[in-house]
>>> print(open('final-v8.txt').read())   # compact mmCIF, C-alpha atoms
# COMPACT_ATOMS: atom_id res chain seq x y z
CA MET D 254 164.45 1.18 73.54
CA HIS D 255 167.56 2.53 71.85
CA ASN D 256 170.12 4.15 74.08
CA PHE D 257 170.65 7.92 74.21
CA ALA D 258 172.82 10.46 75.98
CA PHE D 259 171.10 11.65 79.16
CA HIS D 260 171.31 15.20 80.52
CA LYS D 261 169.87 16.52 83.76
CA PRO D 262 170.44 20.28 83.78
CA GLY D 263 169.80 22.37 86.88
CA SER D 264 168.37 25.41 85.09
CA VAL D 265 166.14 26.24 82.13
CA ALA D 266 169.06 28.04 80.44
CA ASP D 267 171.25 24.93 80.71
CA ALA D 268 168.39 22.77 79.44
CA ALA D 269 168.01 25.03 76.41
CA LYS D 270 171.77 24.77 75.77
CA ALA D 271 171.70 20.96 76.06
CA ILE D 272 168.75 20.58 73.70
CA GLY D 273 170.32 23.06 71.26
CA ALA D 274 173.59 21.11 71.20
CA ALA D 275 171.95 17.71 70.63
CA SER D 276 171.72 16.39 67.07
CA ASP D 277 168.21 14.99 67.60
CA GLY D 278 167.34 15.71 71.20
CA LYS D 279 164.07 15.37 73.08
CA ILE D 280 162.96 17.01 76.29
CA ILE D 281 161.61 14.65 78.93
CA ALA D 282 159.25 15.94 81.63
CA GLY D 283 157.30 13.21 83.47
CA GLY D 284 157.89 10.81 80.61
CA GLN D 285 154.51 9.08 80.88
CA THR D 286 153.96 9.34 77.12
CA LEU D 287 157.54 9.71 75.91
CA LEU D 288 158.92 6.57 77.57
CA PRO D 289 156.28 4.21 76.11
CA THR D 290 156.94 5.90 72.73
CA LEU D 291 160.69 5.25 73.02
CA ARG D 292 160.12 1.69 74.13
CA GLN D 293 158.08 0.98 71.04
CA ARG D 294 160.91 2.59 69.04
CA LEU D 295 158.49 5.10 67.56
CA ALA D 296 161.16 7.70 68.36
CA GLU D 297 164.92 7.34 68.64
CA PRO D 298 166.33 10.58 70.03
CA SER D 299 170.10 11.01 70.29
CA ASP D 300 169.75 12.82 73.62
CA LEU D 301 167.19 13.16 76.41
CA VAL D 302 167.17 16.37 78.42
CA ASP D 303 165.41 15.76 81.75
CA LEU D 304 163.72 18.81 83.33
CA GLY D 305 163.22 16.99 86.64
CA ALA D 306 166.01 18.76 88.52
CA ILE D 307 164.94 22.33 87.72
CA ALA D 308 163.29 23.67 90.88
CA ASP D 309 162.03 26.84 89.12
CA LEU D 310 159.66 24.76 86.99
CA LYS D 311 157.77 23.28 89.94
CA GLY D 312 154.99 24.68 92.07
CA ILE D 313 151.63 26.40 92.10
CA LYS D 314 150.95 29.98 93.08
CA ALA D 315 148.09 32.45 93.10
CA GLU D 316 148.96 35.23 90.67
CA GLY D 317 146.77 38.24 89.97
CA ASP D 318 143.26 37.02 89.38
CA GLY D 319 144.23 33.42 88.74
CA VAL D 320 146.68 30.59 89.22
CA THR D 321 150.13 29.94 87.78
CA ILE D 322 151.33 26.36 87.58
CA GLY D 323 154.97 25.45 86.92
CA ALA D 324 155.53 23.22 83.89
CA MET D 325 156.99 20.34 85.95
CA THR D 326 154.12 20.28 88.44
CA THR D 327 152.53 16.83 88.49
CA HIS D 328 148.85 16.09 87.92
CA ALA D 329 148.63 14.79 91.51
CA GLU D 330 149.99 18.10 92.83
CA VAL D 331 147.45 20.11 90.83
CA ALA D 332 144.64 17.76 91.91
CA SER D 333 145.47 18.20 95.60
CA SER D 334 146.36 21.91 95.56
CA SER D 335 144.24 24.12 97.80
CA VAL D 336 145.20 27.15 95.67
CA VAL D 337 143.82 25.47 92.51
CA ALA D 338 140.75 24.13 94.33
CA GLY D 339 140.04 27.62 95.68
CA ALA D 340 140.40 29.49 92.39
CA ILE D 341 139.42 26.95 89.69
CA PRO D 342 137.92 23.77 91.18
CA ALA D 343 137.21 22.40 87.68
CA LEU D 344 140.96 22.36 86.99
CA ALA D 345 141.67 20.34 90.15
CA HIS D 346 138.83 17.98 89.18
CA LEU D 347 140.27 17.54 85.69
CA ALA D 348 143.78 16.84 87.01
CA SER D 349 142.45 14.25 89.46
CA HIS D 350 141.02 12.22 86.55
CA ILE D 351 144.04 12.16 84.21
CA GLY D 352 145.36 8.65 83.52
CA ASP D 353 145.60 6.70 86.76
CA ARG D 354 147.07 7.31 90.20
CA GLN D 355 150.60 6.22 89.30
CA VAL D 356 150.62 8.26 86.10
CA ARG D 357 149.42 11.34 88.01
CA HIS D 358 152.44 11.07 90.31
CA ARG D 359 154.86 11.43 87.37
CA GLY D 360 152.99 13.16 84.54
CA THR D 361 153.27 16.94 84.32
CA ILE D 362 151.20 19.78 82.89
CA GLY D 363 154.08 21.04 80.74
CA GLY D 364 154.68 17.59 79.28
CA SER D 365 151.01 17.10 78.50
CA LEU D 366 150.74 20.45 76.71
CA ALA D 367 153.97 20.10 74.73
CA ASN D 368 152.81 16.67 73.56
CA ASN D 369 149.25 17.85 72.73
CA ASP D 370 147.76 14.38 72.50
CA PRO D 371 144.35 14.70 70.77
CA ALA D 372 142.69 12.89 73.71
CA ALA D 373 144.64 14.51 76.57
CA ASP D 374 142.67 16.34 79.26
CA TYR D 375 144.82 19.43 79.94
CA PRO D 376 144.59 21.03 76.48
CA SER D 377 140.82 21.46 77.01
CA ALA D 378 141.36 23.34 80.28
CA VAL D 379 144.05 25.57 78.79
CA LEU D 380 141.92 26.40 75.75
CA GLY D 381 138.64 26.54 77.70
CA LEU D 382 139.99 28.93 80.30
CA GLY D 383 141.94 31.02 77.78
CA ALA D 384 145.17 30.36 79.66
CA THR D 385 148.61 31.63 78.71
CA VAL D 386 151.50 29.24 78.12
CA ARG D 387 154.83 30.72 79.25
CA THR D 388 158.06 29.49 77.72
CA ASN D 389 161.74 30.35 78.03
CA LYS D 390 161.23 32.74 75.09
CA ARG D 391 157.72 34.24 75.23
CA GLU D 392 154.08 33.98 76.27
CA ILE D 393 151.64 32.15 74.00
CA LYS D 394 147.87 32.55 74.21
CA ALA D 395 145.92 29.29 74.32
CA ASP D 396 144.08 30.20 71.11
CA ASP D 397 147.46 30.29 69.31
CA PHE D 398 149.18 27.42 71.12
CA PHE D 399 147.35 24.33 69.85
CA GLN D 400 147.96 23.79 66.14
CA GLY D 401 146.63 20.31 65.42
CA MET D 402 147.24 16.78 66.57
CA PHE D 403 150.57 16.52 68.47
CA THR D 404 151.44 19.97 67.11
CA THR D 405 151.90 23.21 69.04
CA ALA D 406 153.27 26.71 68.51
CA LEU D 407 156.47 25.73 70.33
CA ASP D 408 159.66 26.18 68.33
CA GLU D 409 162.28 23.46 68.18
CA GLY D 410 163.90 23.27 71.62
CA GLU D 411 161.53 25.86 73.18
CA ILE D 412 160.72 24.94 76.78
CA ILE D 413 157.39 25.53 78.57
CA THR D 414 158.10 27.04 81.97
CA ALA D 415 154.60 27.65 83.37
CA VAL D 416 150.93 28.07 82.54
CA HIS D 417 148.84 30.96 83.82
CA PHE D 418 145.11 30.33 84.20
CA PRO D 419 142.78 33.32 84.72
CA LYS D 420 140.03 32.64 87.24
CA PRO D 421 136.67 32.15 85.51
CA GLU D 422 133.31 33.06 87.00
CA LYS D 423 132.43 29.36 86.77
CA ALA D 424 133.90 26.31 85.06
CA GLY D 425 133.26 22.59 84.73
CA TYR D 426 134.87 19.60 83.03
CA GLU D 427 133.24 16.32 82.12
CA LYS D 428 134.62 13.46 80.11
CA PHE D 429 133.32 10.24 78.68
CA VAL D 430 136.16 7.74 78.91
CA GLN D 431 136.93 5.05 76.39
CA PRO D 432 136.32 2.06 78.66
CA ALA D 433 139.56 0.20 77.93
CA SER D 434 142.18 2.93 77.61
CA ARG D 435 140.43 5.40 79.97
CA PHE D 436 141.45 8.19 77.60
CA ALA D 437 138.75 10.75 76.82
CA LEU D 438 136.51 9.54 74.01
CA VAL D 439 135.19 13.07 74.42
CA GLY D 440 136.01 15.61 77.14
CA VAL D 441 134.39 19.03 77.40
CA PHE D 442 135.65 21.99 79.42
CA VAL D 443 133.13 24.80 79.85
CA ALA D 444 134.15 28.17 81.30
CA LYS D 445 132.02 31.24 81.94
CA THR D 446 134.51 34.10 81.82
CA LYS D 447 134.31 37.88 81.80
CA GLY D 448 135.00 37.75 78.06
CA GLY D 449 132.18 35.27 77.39
CA VAL D 450 131.60 31.54 77.45
CA ARG D 451 134.38 29.27 76.20
CA VAL D 452 133.84 25.59 75.44
CA ALA D 453 136.87 23.43 74.59
CA VAL D 454 136.59 19.84 73.42
CA THR D 455 139.23 17.11 73.58
CA GLY D 456 139.14 13.55 72.23
CA ALA D 457 136.68 14.31 69.45
CA GLY D 458 138.46 16.50 66.90
CA GLN D 459 140.57 15.22 64.03
CA GLU D 460 142.94 18.10 64.69
CA GLY D 461 143.00 17.75 68.47
CA VAL D 462 141.46 20.16 70.95
CA PHE D 463 139.03 22.75 69.53
CA ARG D 464 136.41 25.27 70.63
CA ALA D 465 132.79 24.23 70.07
CA LYS D 466 131.42 27.51 68.74
CA GLU D 467 127.84 26.17 68.47
CA VAL D 468 127.81 25.35 72.21
CA GLU D 469 129.53 28.64 73.08
CA ALA D 470 126.79 30.56 71.22
CA ALA D 471 124.02 28.62 72.96
CA LEU D 472 125.57 29.10 76.40
CA GLY D 473 126.36 32.75 75.70
CA ALA D 474 122.63 33.33 75.27
CA ASN D 475 121.57 31.13 78.17
CA PHE D 476 124.14 29.54 80.52
CA SER D 477 122.20 26.40 81.36
CA ALA D 478 122.62 22.64 80.99
CA ASP D 479 119.54 22.48 78.75
CA ALA D 480 120.92 25.13 76.39
CA ALA D 481 124.17 23.15 76.05
CA LYS D 482 122.35 19.88 75.45
CA GLY D 483 120.17 21.54 72.82
CA ALA D 484 123.14 22.87 70.83
CA LYS D 485 123.73 21.02 67.56
CA VAL D 486 127.41 20.25 67.02
CA SER D 487 128.65 19.52 63.50
CA ALA D 488 130.24 16.09 63.04
CA ASP D 489 132.18 17.24 59.99
CA SER D 490 135.70 17.40 61.41
CA LEU D 491 135.27 14.88 64.22
CA ASN D 492 136.96 11.49 64.66
CA SER D 493 135.27 8.29 63.64
CA ASP D 494 136.70 4.99 64.82
CA LEU D 495 135.65 1.65 66.28
CA HIS D 496 134.92 3.33 69.63
CA GLY D 497 132.42 5.79 68.23
CA SER D 498 131.34 7.51 65.04
CA ALA D 499 131.75 11.22 64.39
CA VAL D 500 127.99 11.68 64.83
CA TYR D 501 128.12 9.91 68.20
CA ARG D 502 131.02 12.08 69.31
CA ALA D 503 129.19 15.22 68.17
CA HIS D 504 126.21 14.15 70.27
CA LEU D 505 128.50 13.52 73.27
CA VAL D 506 129.91 17.05 73.00
CA SER D 507 126.47 18.57 73.66
CA VAL D 508 125.60 16.05 76.39
CA LEU D 509 128.91 16.47 78.21
CA ALA D 510 128.78 20.25 77.85
CA GLY D 511 125.41 20.08 79.60
CA ARG D 512 126.87 17.98 82.41
CA ALA D 513 129.85 20.32 82.69
CA VAL D 514 127.51 23.31 83.04
CA ALA D 515 125.49 21.49 85.70
CA ALA D 516 128.70 20.70 87.60
CA ALA D 517 130.28 24.14 87.05
CA LYS D 518 131.56 25.95 90.13
CA MET X 160 177.76 4.65 81.66
CA PRO X 161 175.92 6.91 84.12
CA THR X 162 176.06 6.04 87.81
CA VAL X 163 172.81 6.21 89.76
CA LYS X 164 172.66 6.47 93.51
CA MET X 165 169.41 5.91 95.34
CA THR X 166 168.04 4.47 98.54
CA VAL X 167 166.18 1.22 97.98
CA ASN X 168 164.28 -0.27 100.91
CA GLY X 169 166.35 1.81 103.29
CA LYS X 170 169.72 0.81 101.87
CA ALA X 171 171.97 3.08 99.86
CA VAL X 172 172.66 1.60 96.44
CA SER X 173 174.85 2.72 93.59
CA ALA X 174 174.86 1.19 90.12
CA ASP X 175 176.32 1.87 86.71
CA VAL X 176 173.47 1.66 84.21
CA GLU X 177 172.82 2.52 80.60
CA ALA X 178 170.78 5.70 80.32
CA ARG X 179 167.89 3.71 78.85
CA THR X 180 167.63 1.39 81.88
CA LEU X 181 164.15 1.46 83.38
CA LEU X 182 163.78 1.51 87.14
CA VAL X 183 162.17 -1.95 87.08
CA HIS X 184 165.19 -3.41 85.29
CA LEU X 185 167.59 -1.85 87.79
CA LEU X 186 165.53 -3.35 90.61
CA ARG X 187 165.15 -6.81 89.10
CA ASP X 188 168.34 -7.34 87.12
CA LYS X 189 170.95 -5.39 89.08
CA LEU X 190 169.56 -5.48 92.61
CA ALA X 191 167.86 -8.91 92.36
CA LEU X 192 164.60 -7.52 93.79
CA THR X 193 162.32 -9.67 91.67
CA GLY X 194 159.17 -9.08 93.72
CA THR X 195 158.41 -6.14 91.41
CA HIS X 196 156.87 -7.67 88.29
CA VAL X 197 156.83 -6.66 84.64
CA GLY X 198 153.34 -7.34 83.36
CA CYS X 199 152.22 -5.47 80.26
CA ASP X 200 155.45 -3.54 79.71
CA THR X 201 153.35 -0.71 78.31
CA ALA X 202 152.64 1.19 81.55
CA GLN X 203 149.05 0.07 81.84
CA CYS X 204 148.79 -2.92 84.19
CA GLY X 205 150.53 -1.59 87.30
CA ALA X 206 152.23 -4.89 88.27
CA CYS X 207 155.53 -2.96 88.44
CA THR X 208 154.24 -0.37 90.94
CA VAL X 209 156.76 0.76 93.57
CA HIS X 210 156.97 3.83 95.79
CA VAL X 211 159.28 6.65 94.77
CA ASN X 212 159.66 9.23 97.54
CA GLY X 213 156.54 7.74 99.11
CA LYS X 214 154.34 7.84 96.00
CA ALA X 215 153.17 4.97 93.81
CA VAL X 216 154.69 5.01 90.33
CA LYS X 217 155.03 2.46 87.55
CA SER X 218 158.67 1.40 87.60
CA CYS X 219 158.47 0.29 83.95
CA ASN X 220 157.69 3.89 82.98
CA VAL X 221 160.55 5.77 84.58
CA LEU X 222 164.25 5.75 83.85
CA ALA X 223 166.63 4.83 86.65
CA VAL X 224 168.74 7.90 85.81
CA GLN X 225 165.72 10.17 86.38
CA LEU X 226 165.63 9.04 90.01
CA ASP X 227 169.17 9.81 91.15
CA GLY X 228 168.92 10.50 94.88
CA ALA X 229 165.37 9.12 95.25
CA GLN X 230 163.97 6.93 98.02
CA VAL X 231 162.49 3.78 96.49
CA THR X 232 160.42 1.17 98.32
CA THR X 233 159.55 -2.16 96.73
CA ILE X 234 157.33 -4.99 97.96
CA GLU X 235 160.43 -6.50 99.61
CA GLY X 236 160.80 -3.39 101.77
CA LEU X 237 157.38 -3.46 103.43
CA ALA X 238 157.77 -6.15 106.07
CA THR X 239 159.52 -5.53 109.37
CA GLY X 240 161.61 -8.63 109.97
CA ASP X 241 159.15 -11.53 109.97
CA THR X 242 156.12 -9.29 110.46
CA MET X 243 154.32 -8.45 107.26
CA HIS X 244 152.95 -4.98 106.56
CA PRO X 245 149.24 -4.83 107.54
CA MET X 246 148.30 -4.47 103.86
CA GLN X 247 150.25 -7.64 102.99
CA GLU X 248 148.63 -9.42 105.92
CA ALA X 249 145.18 -8.27 104.76
CA PHE X 250 145.78 -9.64 101.25
CA ARG X 251 146.77 -12.97 102.83
CA ASN X 252 143.82 -13.10 105.22
CA ASN X 253 141.26 -12.16 102.56
CA HIS X 254 142.78 -14.25 99.80
CA GLY X 255 143.25 -11.07 97.77
CA LEU X 256 144.90 -12.91 94.91
CA GLN X 257 144.44 -15.72 92.48
CA CYS X 258 147.61 -16.30 90.45
CA GLY X 259 149.44 -13.63 92.43
CA PHE X 260 151.21 -11.93 89.55
CA CYS X 261 149.58 -8.52 90.04
CA THR X 262 149.74 -8.73 93.84
CA PRO X 263 152.99 -6.81 94.52
CA GLY X 264 151.72 -3.89 92.43
CA MET X 265 148.27 -4.08 94.01
CA VAL X 266 149.74 -3.97 97.52
CA MET X 267 152.03 -1.02 96.71
CA SER X 268 149.18 0.90 95.06
CA ALA X 269 146.78 0.08 97.88
CA ILE X 270 149.13 1.43 100.55
CA ASP X 271 149.62 4.65 98.58
CA LEU X 272 145.85 4.93 98.06
CA VAL X 273 144.75 4.58 101.68
CA GLN X 274 147.68 6.09 103.58
CA GLY X 275 146.68 9.05 105.73
CA LYS X 276 143.10 9.09 104.42
CA PRO X 277 139.78 8.62 106.13
CA PRO X 278 138.20 5.21 105.42
CA LEU X 279 137.42 4.80 101.71
CA SER X 280 134.21 3.30 100.35
CA GLU X 281 134.26 0.22 98.15
CA SER X 282 133.68 2.31 95.03
CA GLU X 283 136.47 4.73 95.99
CA ILE X 284 138.83 1.77 96.39
CA ARG X 285 137.79 0.36 93.02
CA ALA X 286 138.30 3.74 91.32
CA GLY X 287 141.58 4.28 93.19
CA LEU X 288 143.01 1.03 91.86
CA GLU X 289 142.28 1.88 88.22
CA GLY X 290 146.00 1.83 87.45
CA ASN X 291 146.28 -1.86 88.43
CA ILE X 292 144.87 -4.69 86.39
CA CYS X 293 144.22 -8.26 87.64
CA ARG X 294 144.03 -10.61 84.65
CA CYS X 295 142.35 -13.24 86.85
CA THR X 296 139.68 -10.59 87.47
CA GLY X 297 139.92 -11.31 91.18
CA TYR X 298 138.90 -7.80 92.14
CA HIS X 299 136.29 -8.74 94.72
CA ASN X 300 138.77 -10.06 97.26
CA ILE X 301 141.37 -7.46 96.34
CA VAL X 302 138.92 -4.70 97.28
CA LYS X 303 138.05 -6.57 100.49
CA SER X 304 141.75 -6.85 101.29
CA VAL X 305 142.40 -3.16 100.70
CA LYS X 306 139.50 -2.23 102.99
CA ALA X 307 140.79 -4.54 105.72
CA GLY X 308 144.39 -3.41 105.22
CA ALA X 309 143.35 0.23 105.48
CA GLU X 310 141.50 -0.47 108.73
CA ALA X 311 144.54 -2.28 110.15
CA MET X 312 146.80 0.61 109.15
CA GLN X 313 144.40 3.12 110.73
CA ALA X 314 144.26 1.10 113.93
CA GLY X 315 147.94 1.88 114.29
CA LYS X 316 149.02 -1.66 113.76
CA GLY X 317 150.93 -0.47 110.75
CA ARG X 318 152.35 2.54 109.02
>>> encode(input="final-v8.txt", output="structure tokens")
Amino acid sequence: MHNFAFHKPGSVADAAKAIGAASDGKIIAGGQTLLPTLRQRLAEPSDLVDLGAIADLKGIKAEGDGVTIGAMTTHAEVASSSVVAGAIPALAHLASHIGDRQVRHRGTIGGSLANNDPAADYPSAVLGLGATVRTNKREIKADDFFQGMFTTALDEGEIITAVHFPKPEKAGYEKFVQPASRFALVGVFVAKTKGGVRVAVTGAGQEGVFRAKEVEAALGANFSADAAKGAKVSADSLNSDLHGSAVYRAHLVSVLAGRAVAAAK
Amino acid sequence: MPTVKMTVNGKAVSADVEARTLLVHLLRDKLALTGTHVGCDTAQCGACTVHVNGKAVKSCNVLAVQLDGAQVTTIEGLATGDTMHPMQEAFRNNHGLQCGFCTPGMVMSAIDLVQGKPPLSESEIRAGLEGNICRCTGYHNIVKSVKAGAEAMQAGKGR
């Protein structure tokens, strides 16, 4: 790992200043993806701006008809939160299955979303629930936030501060893990909301997380596991690799959507 | 060079480190606490697991400078004098190791997994240790050890 200048600001405003002043700075949240990336020298930032000392970015609270989670809240905290379990149990379930125990103690929701790994779990919950990503500049709707693999609507140096999840009528998340890496080969988040059924898929798409419109249509007509399993998902823009073909992944989307509906609470 | 101050195994320590120094390198190279192992060096195997503020983390995947002011416990900090921690004792009694390389990480993860919880089933223990890999594949006795260690901790013999 190349060396860098390290900054640990105490406020979001100071963090924005530090990242703005750096020639090629990176923001570090939990660092569970960024540090391995730096160690492989896949990135060589001039500066790292650590958000770990900013108290405003941590914590979970009930807000309106839903839950707001601070960007620096860890996966373990979301998994064990009674507020999350009460409002959106599927979200607590999802958080409790990210990475492994040690990773969940460091990794954060803000870091996961800003990174937008195509096989990460959180993007499917944010898109599936129609959440709102709050930053130091604005609010971004989930449908506008994810813009392809490792790409988001965030501007250079823009900092996620929190995510607001509206409470669905019911939601479920199921993933099929790649046996070695434990990343989602396919993960499906299903939410029955007042505005209709939303189905978000991670792990399968060439462009990262996406909504499975075929499954949404089937579940909109009949919210049942059988309806989800019967929905035909196109393999056209899905990943194909040694772990599974696009056709296999397309099949998994329907199967997992069915399981997510069966498990939905 | 940044200065980091933290408490390691109950002792206040202060060290000048490069910003890029990982916690595991501070522990091993500066503080000579070589019980914490570097296995895969890619944050997968869990051999480097220590407790930071009471929670298991991979010390090869966190910068020392991120942990200014933290409480860190390594495998060396578990025993009380000559008395091993009940989880260490359980690994010894159940032969919960083959080559022993993954053992410090397994013990640190196991304590974090079972602490303050009702007794876990064998499958819960196996799932709970997914962040630790034993290349000898000696999981059978590791799981037995964790079960026994948890029972000993519950019985109030330990912490």
>>> atom_distance(input="final-v8.txt", atom1="CA of Ile341 (chain D)", atom2="CA of Thr361 (chain D)")
17.9 Å
>>> closest_atom_pairs(input="final-v8.txt", of="chain X", to="chain D", cutoff="9 Å", atoms="all atoms listed in the file", output="tab-separated table")
residue	atom	partner	partner_atom	distance
X:Pro161	CA	D:Phe259	CA	8.4
X:Glu177	CA	D:Asn256	CA	7.2
X:Ala178	CA	D:Phe259	CA	6.1
X:Arg179	CA	D:Asn256	CA	5.3
X:Thr180	CA	D:Asn256	CA	8.6
X:Asp200	CA	D:Pro289	CA	8.6
X:Thr201	CA	D:Pro289	CA	6.1
X:Ala202	CA	D:Pro289	CA	7.2
X:Gln203	CA	D:Ser434	CA	8.6
X:Gly205	CA	D:Gln355	CA	8.1
X:Thr208	CA	D:Gln355	CA	7.7
X:Lys214	CA	D:His358	CA	6.8
X:Ala215	CA	D:Gln355	CA	5.3
X:Val216	CA	D:Gln355	CA	4.4
X:Lys217	CA	D:Gln355	CA	6.1
X:Cys219	CA	D:Leu288	CA	9.0
X:Asn220	CA	D:Leu288	CA	6.2
X:Val221	CA	D:Gly284	CA	6.9
X:Leu222	CA	D:Leu288	CA	8.3
X:Val224	CA	D:Phe259	CA	8.0
X:Gln225	CA	D:Asp303	CA	7.3
X:Leu226	CA	D:Gly305	CA	9.0
X:Ser268	CA	D:Gln355	CA	8.0
X:Leu272	CA	D:Arg354	CA	8.3
X:Gly287	CA	D:Arg354	CA	6.9
X:Leu288	CA	D:Arg354	CA	7.7
X:Glu289	CA	D:Asp353	CA	6.0
X:Gly290	CA	D:Asp353	CA	4.9
X:Asn291	CA	D:Asp353	CA	8.7
>>> axis_aligned_box(input="final-v8.txt", around="region 381-398 of chain D", padding_each_side="8 Å", output="lines of an AutoDock Vina configuration file")
center_x = 150.2
center_y = 30.4
center_z = 74.8
size_x = 39.1
size_y = 23.7
size_z = 27.0
>>> atom_distance(input="final-v8.txt", atom1="CA of Gly169 (chain X)", atom2="CA of Ala191 (chain X)")
15.4 Å
>>> closest_atom_pairs(input="final-v8.txt", of="region 365-428 of chain D", to="region 318-338 of chain D", cutoff="10 Å", atoms="all atoms listed in the file", output="JSON lines")
{"residue": "D:Ser365", "atom": "CA", "partner": "D:Ala324", "partner_atom": "CA", "distance": 9.3}
{"residue": "D:Leu366", "atom": "CA", "partner": "D:Ala324", "partner_atom": "CA", "distance": 9.1}
{"residue": "D:Ala367", "atom": "CA", "partner": "D:Ala324", "partner_atom": "CA", "distance": 9.8}
{"residue": "D:Tyr375", "atom": "CA", "partner": "D:His328", "partner_atom": "CA", "distance": 9.5}
{"residue": "D:Ala384", "atom": "CA", "partner": "D:Thr321", "partner_atom": "CA", "distance": 9.5}
{"residue": "D:Thr385", "atom": "CA", "partner": "D:Thr321", "partner_atom": "CA", "distance": 9.4}
{"residue": "D:Val386", "atom": "CA", "partner": "D:Ala324", "partner_atom": "CA", "distance": 9.3}
{"residue": "D:Arg387", "atom": "CA", "partner": "D:Ala324", "partner_atom": "CA", "distance": 8.8}
{"residue": "D:Thr388", "atom": "CA", "partner": "D:Ala324", "partner_atom": "CA", "distance": 9.2}
{"residue": "D:Ile412", "atom": "CA", "partner": "D:Ala324", "partner_atom": "CA", "distance": 9.0}
{"residue": "D:Ile413", "atom": "CA", "partner": "D:Ala324", "partner_atom": "CA", "distance": 6.1}
{"residue": "D:Thr414", "atom": "CA", "partner": "D:Ala324", "partner_atom": "CA", "distance": 5.0}
{"residue": "D:Ala415", "atom": "CA", "partner": "D:Gly323", "partner_atom": "CA", "distance": 4.2}
{"residue": "D:Val416", "atom": "CA", "partner": "D:Ile322", "partner_atom": "CA", "distance": 5.3}
{"residue": "D:His417", "atom": "CA", "partner": "D:Thr321", "partner_atom": "CA", "distance": 4.3}
{"residue": "D:Phe418", "atom": "CA", "partner": "D:Val320", "partner_atom": "CA", "distance": 5.3}
{"residue": "D:Pro419", "atom": "CA", "partner": "D:Gly319", "partner_atom": "CA", "distance": 4.3}
{"residue": "D:Lys420", "atom": "CA", "partner": "D:Gly319", "partner_atom": "CA", "distance": 4.5}
{"residue": "D:Pro421", "atom": "CA", "partner": "D:Gly319", "partner_atom": "CA", "distance": 8.3}
